[in-house]
Amino acid sequence: MKAVRYHAYGDSDVLVYEDVTRPVAAPGQVLVRVAGTSFNSTDAAIRAGLLQDTLPLAFPHVPNPDVSGVIAEVGEGVTGWSVGDAVIALLPADAPGAAAEYVAAPAEVLASAPRTVELADASALPWAGLTAWQSVYEHADLKSGQNVLINGAGGAVGGYAVQLAARAGATVTATASTRSRDRIRSYGADQIVDYTTTPVPRAVAGRHFDVVLNMTPTSPEATAQLVDLVADGGAFLSITTPGPDDAGRGVRTVHVFVRSDAGHLAQLVARVDDGALAADVAERLPLAELAEVHASYAAQLAEMVRLVARADGTLAARATERAAVSDESPARWLTGKTVLIP
Ligand SMILES: NC(=O)c1ccc[n+]([C@@H]2O[C@H](COP(=O)([O-])OP(=O)(O)OC[C@H]3O[C@@H](n4cnc5c(N)ncnc54)[C@H](OP(=O)(O)O)[C@@H]3O)[C@@H](O)[C@H]2O)c1
């Protein structure tokens, strides 16, 4: 079969589209014929070797933990799934991923695919959707009537978070540039702050929020400003730069790390099929173009490193030893989800 793999950490050109042996379903696994796999910004950080201390890979590595597809084989001991079932999953990030025609997936991470979106497009849901779900419902425990500020709402995770927070009955203030503003408003945001023209603290003019969700890389200074916007006794959650361990004023800080959870994924799928959650896809490309997608993300990865490395010594050390994160930006800026199709 064809797959994209890399044989060492490095720049986007380590990604090679090549012939590899088709996997089989081991006990407890199913073999999925991949319909789609979505690119996540973290895929680029993993490829560059920035996360190798927490997420060491065995090489050659097939990237892309997000998958949608159809079960082609059922391994020994697997119950509840059959050949032909359409599924989605967030695969373990250190296992062979879905940048391939087939991938072996642990049965416990699978959810039935949504019926109302193209199967390939459904691969835009697991990683970003689960991060948003666990941030909004599990860690923030957001309730109806609360005020939430979502910084980075224009990103994939932020877009799901806005929709989930609005559905929870919260009043949502979201940062978005003109590129994403209309989409974020359609997701239910009550107020949009264009972070490219007005600093967020000035735009919200002295208001405080029960919950601030930080869903984009921020400098330590910008992170501290966001923490200051949390009301006494509220919560600051970040999926990127962490807040301080002790923020004072009874403010709880949480550094969120997503985990694969089939139950949460099934609830996201139900929202999609009810029309309550949009799984938008900006672009669909052949899998063979995955290296170009990573190359397009180079400037954003370099910016992420510039911002986050000051609060994360391990990442800073890895970034210093890798030219992979300082390469120049090619033509375009990725915005919205890109789905790769084998
Ligand atoms: N901790 C975890 O478990 C976890 C899980 C998933 C992702 N992540 C991390 O979370 C971050 C977001 O992921 P993603 O997939 O949502 O990324 P993404 O889709 O690549 O987000 C890009 C968007 O971020 C927005 N943005 C950029 N700079 C901003 C700023 N200074 N202020 C406000 N918004 C800004 C832009 O929105 P506009 O279009 O509005 O300009 C841009 O389109 C990444 O760093 C990723 O690695 C962490």
# chains A, B, ... in the order shown; residues from 1 in each chain; ligands from 1
>>> residues_near_ligand(ligand="ligand 1", cutoff="6 Å", atoms="only C-alpha atoms and all ligand atoms", output="list in words")
Asn40, Ser41, Thr42, Ala128, Thr131, Asn151, Gly152, Gly154, Gly155, Ala156, Val157, Gly158, Thr175, Ala176, Ser177, Arg179, Ser180, Tyr195, Met215, Thr216, Pro217, Ile239, Thr240, Val256, Phe257, Val258, Thr335 and Gly336 of chain A
>>> residues_around(residues="A:Ala89", least_positions_apart="6", cutoff="7 Å", atoms="only C-alpha atoms", output="list in words")
Asp66, Val67, Ser68, Val109, Leu110, Ala111 and Pro126 of chain A
>>> write_last_selection(atoms="N, CA and C atoms", output="CSV table (one decimal), in the first residue's frame")
chain,number,residue,atom,x,y,z
A,66,ASP,N,-5.5,11.3,13.3
A,66,ASP,CA,-6.9,11.5,13.0
A,66,ASP,C,-7.3,10.6,11.8
A,67,VAL,N,-8.3,9.8,12.0
A,67,VAL,CA,-8.7,8.9,10.9
A,67,VAL,C,-10.2,8.8,10.8
A,68,SER,N,-10.7,8.6,9.5
A,68,SER,CA,-12.0,8.1,9.2
A,68,SER,C,-11.9,7.1,8.2
A,109,VAL,N,-10.7,2.7,20.7
A,109,VAL,CA,-10.7,4.2,20.4
A,109,VAL,C,-11.8,4.5,19.3
A,110,LEU,N,-12.5,3.5,18.8
A,110,LEU,CA,-13.4,3.8,17.7
A,110,LEU,C,-14.7,4.3,18.1
A,111,ALA,N,-15.2,5.2,17.2
A,111,ALA,CA,-16.7,5.6,17.3
A,111,ALA,C,-17.3,5.4,15.9
A,126,PRO,N,-11.9,14.1,15.2
A,126,PRO,CA,-11.4,13.5,16.5
A,126,PRO,C,-10.5,14.4,17.3
>>> select_by_dssp(residues="stretch 137-332 of chain A", states="alpha helix (DSSP H)", output="MDAnalysis selection string")
chainID A and resid 156:167 178:186 200:204 220:228 262:273 290:296 298:308 313:320
>>> atom_distance(atom1="atom CA of A:Ala99", atom2="atom CA of A:Ser296")
17.3 Å
>>> atom_distance(atom1="atom CA of A:Leu285", atom2="atom CA of A:Val339")
6.3 Å
>>> atom_distance(atom1="atom CA of A:Ala26", atom2="atom CA of A:Val103")
11.2 Å
>>> select_by_dssp(residues="stretch 167-321 of chain A", states="strand (DSSP E or B)", output="ChimeraX atom specification")
/A:171-175,191-193,209-214,230-238,252-255,283-286
>>> write_last_selection(atoms="N, CA and C atoms", output="CSV table (one decimal), in the first residue's frame")
chain,number,residue,atom,x,y,z
A,171,THR,N,-22.3,32.5,27.5
A,171,THR,CA,-22.1,33.7,26.7
A,171,THR,C,-20.6,33.7,26.2
A,172,VAL,N,-20.5,33.7,24.9
A,172,VAL,CA,-19.1,33.4,24.3
A,172,VAL,C,-18.5,34.7,23.7
A,173,THR,N,-17.4,35.1,24.2
A,173,THR,CA,-16.6,36.1,23.6
A,173,THR,C,-15.4,35.3,22.9
A,174,ALA,N,-15.1,35.6,21.6
A,174,ALA,CA,-14.2,34.8,20.9
A,174,ALA,C,-13.2,35.7,20.1
A,175,THR,N,-11.9,35.4,20.1
A,175,THR,CA,-11.0,36.1,19.3
A,175,THR,C,-11.0,35.5,17.9
A,191,GLN,N,-19.7,37.8,21.0
A,191,GLN,CA,-18.9,38.9,20.7
A,191,GLN,C,-17.6,38.4,20.0
A,192,ILE,N,-17.1,39.1,19.0
A,192,ILE,CA,-15.9,38.7,18.4
A,192,ILE,C,-14.9,39.8,18.6
A,193,VAL,N,-13.7,39.5,19.0
A,193,VAL,CA,-12.6,40.4,19.2
A,193,VAL,C,-11.6,40.1,18.1
A,209,PHE,N,-14.2,37.0,33.1
A,209,PHE,CA,-14.9,35.8,32.6
A,209,PHE,C,-14.8,34.7,33.6
A,210,ASP,N,-15.9,33.9,33.7
A,210,ASP,CA,-15.9,32.8,34.6
A,210,ASP,C,-14.8,31.8,34.1
A,211,VAL,N,-14.7,31.7,32.8
A,211,VAL,CA,-13.7,30.8,32.2
A,211,VAL,C,-13.0,31.4,31.0
A,212,VAL,N,-11.7,31.3,31.0
A,212,VAL,CA,-10.9,31.7,29.8
A,212,VAL,C,-10.2,30.5,29.2
A,213,LEU,N,-10.5,30.2,27.9
A,213,LEU,CA,-9.9,29.0,27.2
A,213,LEU,C,-8.9,29.6,26.3
A,214,ASN,N,-7.6,29.2,26.5
A,214,ASN,CA,-6.6,29.6,25.6
A,214,ASN,C,-6.2,28.5,24.6
A,230,VAL,N,-9.6,36.4,34.1
A,230,VAL,CA,-10.5,35.4,34.7
A,230,VAL,C,-11.1,36.1,36.0
A,231,ALA,N,-12.4,35.9,36.2
A,231,ALA,CA,-13.0,36.4,37.4
A,231,ALA,C,-12.5,35.7,38.7
A,232,ASP,N,-12.5,36.3,39.8
A,232,ASP,CA,-12.1,35.6,41.0
A,232,ASP,C,-12.9,34.3,41.2
A,233,GLY,N,-12.1,33.2,41.5
A,233,GLY,CA,-12.7,31.9,41.6
A,233,GLY,C,-13.0,31.2,40.3
A,234,GLY,N,-12.6,31.8,39.2
A,234,GLY,CA,-12.9,31.2,37.9
A,234,GLY,C,-11.8,30.3,37.4
A,235,ALA,N,-11.7,30.0,36.1
A,235,ALA,CA,-10.8,29.0,35.6
A,235,ALA,C,-10.1,29.5,34.4
A,236,PHE,N,-8.8,29.2,34.3
A,236,PHE,CA,-8.0,29.5,33.1
A,236,PHE,C,-7.5,28.1,32.6
A,237,LEU,N,-7.9,27.8,31.3
A,237,LEU,CA,-7.5,26.5,30.7
A,237,LEU,C,-6.7,26.9,29.5
A,238,SER,N,-5.5,26.2,29.3
A,238,SER,CA,-4.8,26.4,28.1
A,238,SER,C,-4.4,25.0,27.5
A,252,ARG,N,-8.4,28.8,39.1
A,252,ARG,CA,-7.9,27.5,38.9
A,252,ARG,C,-7.2,27.5,37.5
A,253,THR,N,-6.0,26.9,37.4
A,253,THR,CA,-5.4,26.9,36.0
A,253,THR,C,-5.2,25.4,35.7
A,254,VAL,N,-5.5,25.1,34.4
A,254,VAL,CA,-5.4,23.7,33.9
A,254,VAL,C,-4.6,23.7,32.6
A,255,HIS,N,-3.6,22.9,32.5
A,255,HIS,CA,-2.9,22.7,31.2
A,255,HIS,C,-3.5,21.4,30.6
A,283,GLU,N,-10.1,22.3,3.1
A,283,GLU,CA,-9.4,21.9,1.9
A,283,GLU,C,-9.3,20.4,1.9
A,284,ARG,N,-9.4,19.7,0.7
A,284,ARG,CA,-9.2,18.3,0.6
A,284,ARG,C,-8.1,18.1,-0.4
A,285,LEU,N,-7.1,17.3,0.0
A,285,LEU,CA,-5.9,17.1,-0.9
A,285,LEU,C,-5.6,15.6,-1.0
A,286,PRO,N,-4.9,15.2,-2.0
A,286,PRO,CA,-4.4,13.8,-2.1
A,286,PRO,C,-3.3,13.6,-1.0
>>> closest_residue(among="A:Glu292, A:Asp261, A:Asp246, A:Glu73", to="A:Glu108", atoms="only C-alpha atoms")
A:Asp261
>>> closest_atom_pairs(of="stretch 33-145 of chain A", to="stretch 268-275 of chain A", cutoff="12 Å", atoms="only C-alpha atoms", output="Markdown table")
| residue | atom | partner | partner_atom | distance |
| --- | --- | --- | --- | --- |
| A:Val87 | CA | A:Val269 | CA | 10.3 |
| A:Ile88 | CA | A:Val269 | CA | 9.2 |
| A:Ala89 | CA | A:Val269 | CA | 10.9 |
| A:Leu110 | CA | A:Val269 | CA | 11.4 |
| A:Ala111 | CA | A:Val269 | CA | 8.0 |
| A:Ser112 | CA | A:Val269 | CA | 7.7 |
| A:Ala113 | CA | A:Val269 | CA | 6.8 |
| A:Pro114 | CA | A:Val269 | CA | 5.3 |
| A:Arg115 | CA | A:Asp273 | CA | 6.4 |
| A:Thr116 | CA | A:Asp273 | CA | 5.6 |
| A:Val117 | CA | A:Asp273 | CA | 8.1 |
| A:Glu118 | CA | A:Asp273 | CA | 11.7 |
| A:Leu119 | CA | A:Val269 | CA | 11.9 |
| A:Asp121 | CA | A:Val272 | CA | 11.8 |
| A:Ala122 | CA | A:Val269 | CA | 8.9 |
| A:Ser123 | CA | A:Val269 | CA | 11.1 |
| A:Ala124 | CA | A:Val269 | CA | 11.4 |
| A:Leu125 | CA | A:Leu268 | CA | 7.9 |
| A:Pro126 | CA | A:Leu268 | CA | 8.5 |
| A:Trp127 | CA | A:Leu268 | CA | 11.2 |
| A:Ala128 | CA | A:Leu268 | CA | 10.8 |
| A:Gly129 | CA | A:Leu268 | CA | 7.1 |
| A:Leu130 | CA | A:Leu268 | CA | 7.9 |
| A:Thr131 | CA | A:Leu268 | CA | 11.1 |
| A:Ala132 | CA | A:Leu268 | CA | 10.0 |
| A:Trp133 | CA | A:Leu268 | CA | 7.9 |
| A:Gln134 | CA | A:Leu268 | CA | 10.9 |
| A:Tyr137 | CA | A:Leu268 | CA | 11.8 |
>>> residues_around(residues="stretch 19-25 of chain A", least_positions_apart="6", cutoff="12 Å", atoms="only C-alpha atoms", output="PDB file with N, CA and C atoms, in the first residue's frame")
ATOM      1  N   MET A   1       0.851  -1.191   0.000  1.00  0.00           N
ATOM      2  CA  MET A   1       0.000   0.000   0.000  1.00  0.00           C
ATOM      3  C   MET A   1       0.887   1.240   0.000  1.00  0.00           C
ATOM      4  N   LYS A   2       0.266   2.394  -0.282  1.00  0.00           N
ATOM      5  CA  LYS A   2       0.975   3.669  -0.207  1.00  0.00           C
ATOM      6  C   LYS A   2       0.786   4.282   1.184  1.00  0.00           C
ATOM      7  N   ALA A   3       1.827   4.931   1.651  1.00  0.00           N
ATOM      8  CA  ALA A   3       1.738   5.657   2.923  1.00  0.00           C
ATOM      9  C   ALA A   3       2.730   6.803   2.873  1.00  0.00           C
ATOM     10  N   VAL A   4       2.509   7.776   3.732  1.00  0.00           N
ATOM     11  CA  VAL A   4       3.535   8.801   3.960  1.00  0.00           C
ATOM     12  C   VAL A   4       4.233   8.422   5.261  1.00  0.00           C
ATOM     13  N   ARG A   5       5.557   8.433   5.222  1.00  0.00           N
ATOM     14  CA  ARG A   5       6.316   8.125   6.443  1.00  0.00           C
ATOM     15  C   ARG A   5       7.465   9.108   6.575  1.00  0.00           C
ATOM     16  N   TYR A   6       8.030   9.182   7.787  1.00  0.00           N
ATOM     17  CA  TYR A   6       9.324   9.833   7.941  1.00  0.00           C
ATOM     18  C   TYR A   6      10.254   8.919   8.713  1.00  0.00           C
ATOM     19  N   LEU A  31      -8.559  -3.349  11.281  1.00  0.00           N
ATOM     20  CA  LEU A  31      -7.850  -2.709  10.172  1.00  0.00           C
ATOM     21  C   LEU A  31      -8.839  -1.768   9.493  1.00  0.00           C
ATOM     22  N   VAL A  32      -8.458  -0.499   9.363  1.00  0.00           N
ATOM     23  CA  VAL A  32      -9.344   0.498   8.757  1.00  0.00           C
ATOM     24  C   VAL A  32      -8.806   0.869   7.377  1.00  0.00           C
ATOM     25  N   ARG A  33      -9.686   0.779   6.358  1.00  0.00           N
ATOM     26  CA  ARG A  33      -9.330   1.344   5.044  1.00  0.00           C
ATOM     27  C   ARG A  33      -9.600   2.836   5.153  1.00  0.00           C
ATOM     28  N   VAL A  34      -8.540   3.621   5.060  1.00  0.00           N
ATOM     29  CA  VAL A  34      -8.629   5.051   5.380  1.00  0.00           C
ATOM     30  C   VAL A  34      -9.399   5.792   4.282  1.00  0.00           C
ATOM     31  N   PRO A  60      10.752   3.824  10.801  1.00  0.00           N
ATOM     32  CA  PRO A  60       9.998   4.911  10.162  1.00  0.00           C
ATOM     33  C   PRO A  60       8.614   5.047  10.787  1.00  0.00           C
ATOM     34  N   HIS A  61       8.111   6.290  10.784  1.00  0.00           N
ATOM     35  CA  HIS A  61       6.826   6.567  11.424  1.00  0.00           C
ATOM     36  C   HIS A  61       5.805   7.032  10.391  1.00  0.00           C
ATOM     37  N   VAL A  62       4.619   6.451  10.458  1.00  0.00           N
ATOM     38  CA  VAL A  62       3.491   6.935   9.650  1.00  0.00           C
ATOM     39  C   VAL A  62       2.732   7.947  10.515  1.00  0.00           C
ATOM     40  N   ILE A  71     -14.042  -0.311   8.245  1.00  0.00           N
ATOM     41  CA  ILE A  71     -13.337  -1.483   8.791  1.00  0.00           C
ATOM     42  C   ILE A  71     -13.191  -2.549   7.706  1.00  0.00           C
ATOM     43  N   ALA A  72     -11.923  -2.981   7.520  1.00  0.00           N
ATOM     44  CA  ALA A  72     -11.629  -3.983   6.496  1.00  0.00           C
ATOM     45  C   ALA A  72     -11.311  -5.345   7.101  1.00  0.00           C
ATOM     46  N   GLU A  73     -10.907  -5.365   8.356  1.00  0.00           N
ATOM     47  CA  GLU A  73     -10.593  -6.633   9.054  1.00  0.00           C
ATOM     48  C   GLU A  73     -10.880  -6.414  10.533  1.00  0.00           C
ATOM     49  N   VAL A  74     -11.330  -7.456  11.187  1.00  0.00           N
ATOM     50  CA  VAL A  74     -11.549  -7.370  12.634  1.00  0.00           C
ATOM     51  C   VAL A  74     -10.616  -8.356  13.318  1.00  0.00           C
ATOM     52  N   GLY A  75      -9.805  -7.880  14.238  1.00  0.00           N
ATOM     53  CA  GLY A  75      -8.835  -8.742  14.925  1.00  0.00           C
ATOM     54  C   GLY A  75      -9.487  -9.600  15.993  1.00  0.00           C
ATOM     55  N   GLU A  76      -8.717 -10.571  16.430  1.00  0.00           N
ATOM     56  CA  GLU A  76      -9.182 -11.506  17.457  1.00  0.00           C
ATOM     57  C   GLU A  76      -9.597 -10.750  18.734  1.00  0.00           C
ATOM     58  N   GLY A  77     -10.688 -11.155  19.285  1.00  0.00           N
ATOM     59  CA  GLY A  77     -11.115 -10.590  20.577  1.00  0.00           C
ATOM     60  C   GLY A  77     -11.893  -9.292  20.465  1.00  0.00           C
ATOM     61  N   VAL A  78     -12.083  -8.792  19.247  1.00  0.00           N
ATOM     62  CA  VAL A  78     -12.825  -7.530  19.098  1.00  0.00           C
ATOM     63  C   VAL A  78     -14.313  -7.837  18.968  1.00  0.00           C
ATOM     64  N   VAL A  83     -16.716  -5.877   9.741  1.00  0.00           N
ATOM     65  CA  VAL A  83     -16.208  -5.416   8.448  1.00  0.00           C
ATOM     66  C   VAL A  83     -17.302  -4.593   7.753  1.00  0.00           C
ATOM     67  N   PRO A  96       1.707   3.793  14.531  1.00  0.00           N
ATOM     68  CA  PRO A  96       1.543   4.125  13.109  1.00  0.00           C
ATOM     69  C   PRO A  96       0.200   4.801  12.865  1.00  0.00           C
ATOM     70  N   GLY A  97       0.216   5.923  12.130  1.00  0.00           N
ATOM     71  CA  GLY A  97      -0.976   6.728  11.952  1.00  0.00           C
ATOM     72  C   GLY A  97      -1.694   6.454  10.639  1.00  0.00           C
ATOM     73  N   ALA A  98      -2.562   7.383  10.269  1.00  0.00           N
ATOM     74  CA  ALA A  98      -3.509   7.169   9.178  1.00  0.00           C
ATOM     75  C   ALA A  98      -3.094   7.833   7.872  1.00  0.00           C
ATOM     76  N   ALA A  99      -1.833   8.263   7.776  1.00  0.00           N
ATOM     77  CA  ALA A  99      -1.360   8.814   6.498  1.00  0.00           C
ATOM     78  C   ALA A  99      -1.002   7.643   5.584  1.00  0.00           C
ATOM     79  N   ALA A 100      -1.994   6.832   5.284  1.00  0.00           N
ATOM     80  CA  ALA A 100      -1.780   5.555   4.598  1.00  0.00           C
ATOM     81  C   ALA A 100      -3.109   5.068   4.042  1.00  0.00           C
ATOM     82  N   GLU A 101      -3.026   4.042   3.190  1.00  0.00           N
ATOM     83  CA  GLU A 101      -4.285   3.489   2.684  1.00  0.00           C
ATOM     84  C   GLU A 101      -5.012   2.661   3.738  1.00  0.00           C
ATOM     85  N   TYR A 102      -4.235   2.049   4.639  1.00  0.00           N
ATOM     86  CA  TYR A 102      -4.830   1.247   5.725  1.00  0.00           C
ATOM     87  C   TYR A 102      -4.084   1.553   7.019  1.00  0.00           C
ATOM     88  N   VAL A 103      -4.807   1.466   8.142  1.00  0.00           N
ATOM     89  CA  VAL A 103      -4.165   1.613   9.444  1.00  0.00           C
ATOM     90  C   VAL A 103      -4.812   0.625  10.417  1.00  0.00           C
ATOM     91  N   ALA A 104      -3.980   0.044  11.283  1.00  0.00           N
ATOM     92  CA  ALA A 104      -4.502  -0.826  12.345  1.00  0.00           C
ATOM     93  C   ALA A 104      -4.833   0.061  13.545  1.00  0.00           C
ATOM     94  N   ALA A 105      -6.050  -0.069  14.059  1.00  0.00           N
ATOM     95  CA  ALA A 105      -6.512   0.815  15.145  1.00  0.00           C
ATOM     96  C   ALA A 105      -7.001  -0.012  16.328  1.00  0.00           C
ATOM     97  N   PRO A 106      -6.644   0.389  17.559  1.00  0.00           N
ATOM     98  CA  PRO A 106      -7.211  -0.301  18.725  1.00  0.00           C
ATOM     99  C   PRO A 106      -8.729  -0.141  18.731  1.00  0.00           C
ATOM    100  N   ALA A 107      -9.449  -1.223  18.946  1.00  0.00           N
ATOM    101  CA  ALA A 107     -10.918  -1.158  18.863  1.00  0.00           C
ATOM    102  C   ALA A 107     -11.495  -0.183  19.880  1.00  0.00           C
ATOM    103  N   ALA A 288      -0.648  12.198  -1.022  1.00  0.00           N
ATOM    104  CA  ALA A 288       0.720  12.399  -1.518  1.00  0.00           C
ATOM    105  C   ALA A 288       1.199  13.835  -1.293  1.00  0.00           C
TER     106      ALA A 288
END
>>> residues_around(residues="A:Ala168", least_positions_apart="2", cutoff="7 Å", atoms="only C-alpha atoms", output="ChimeraX atom specification")
/A:142-144,164-166,170
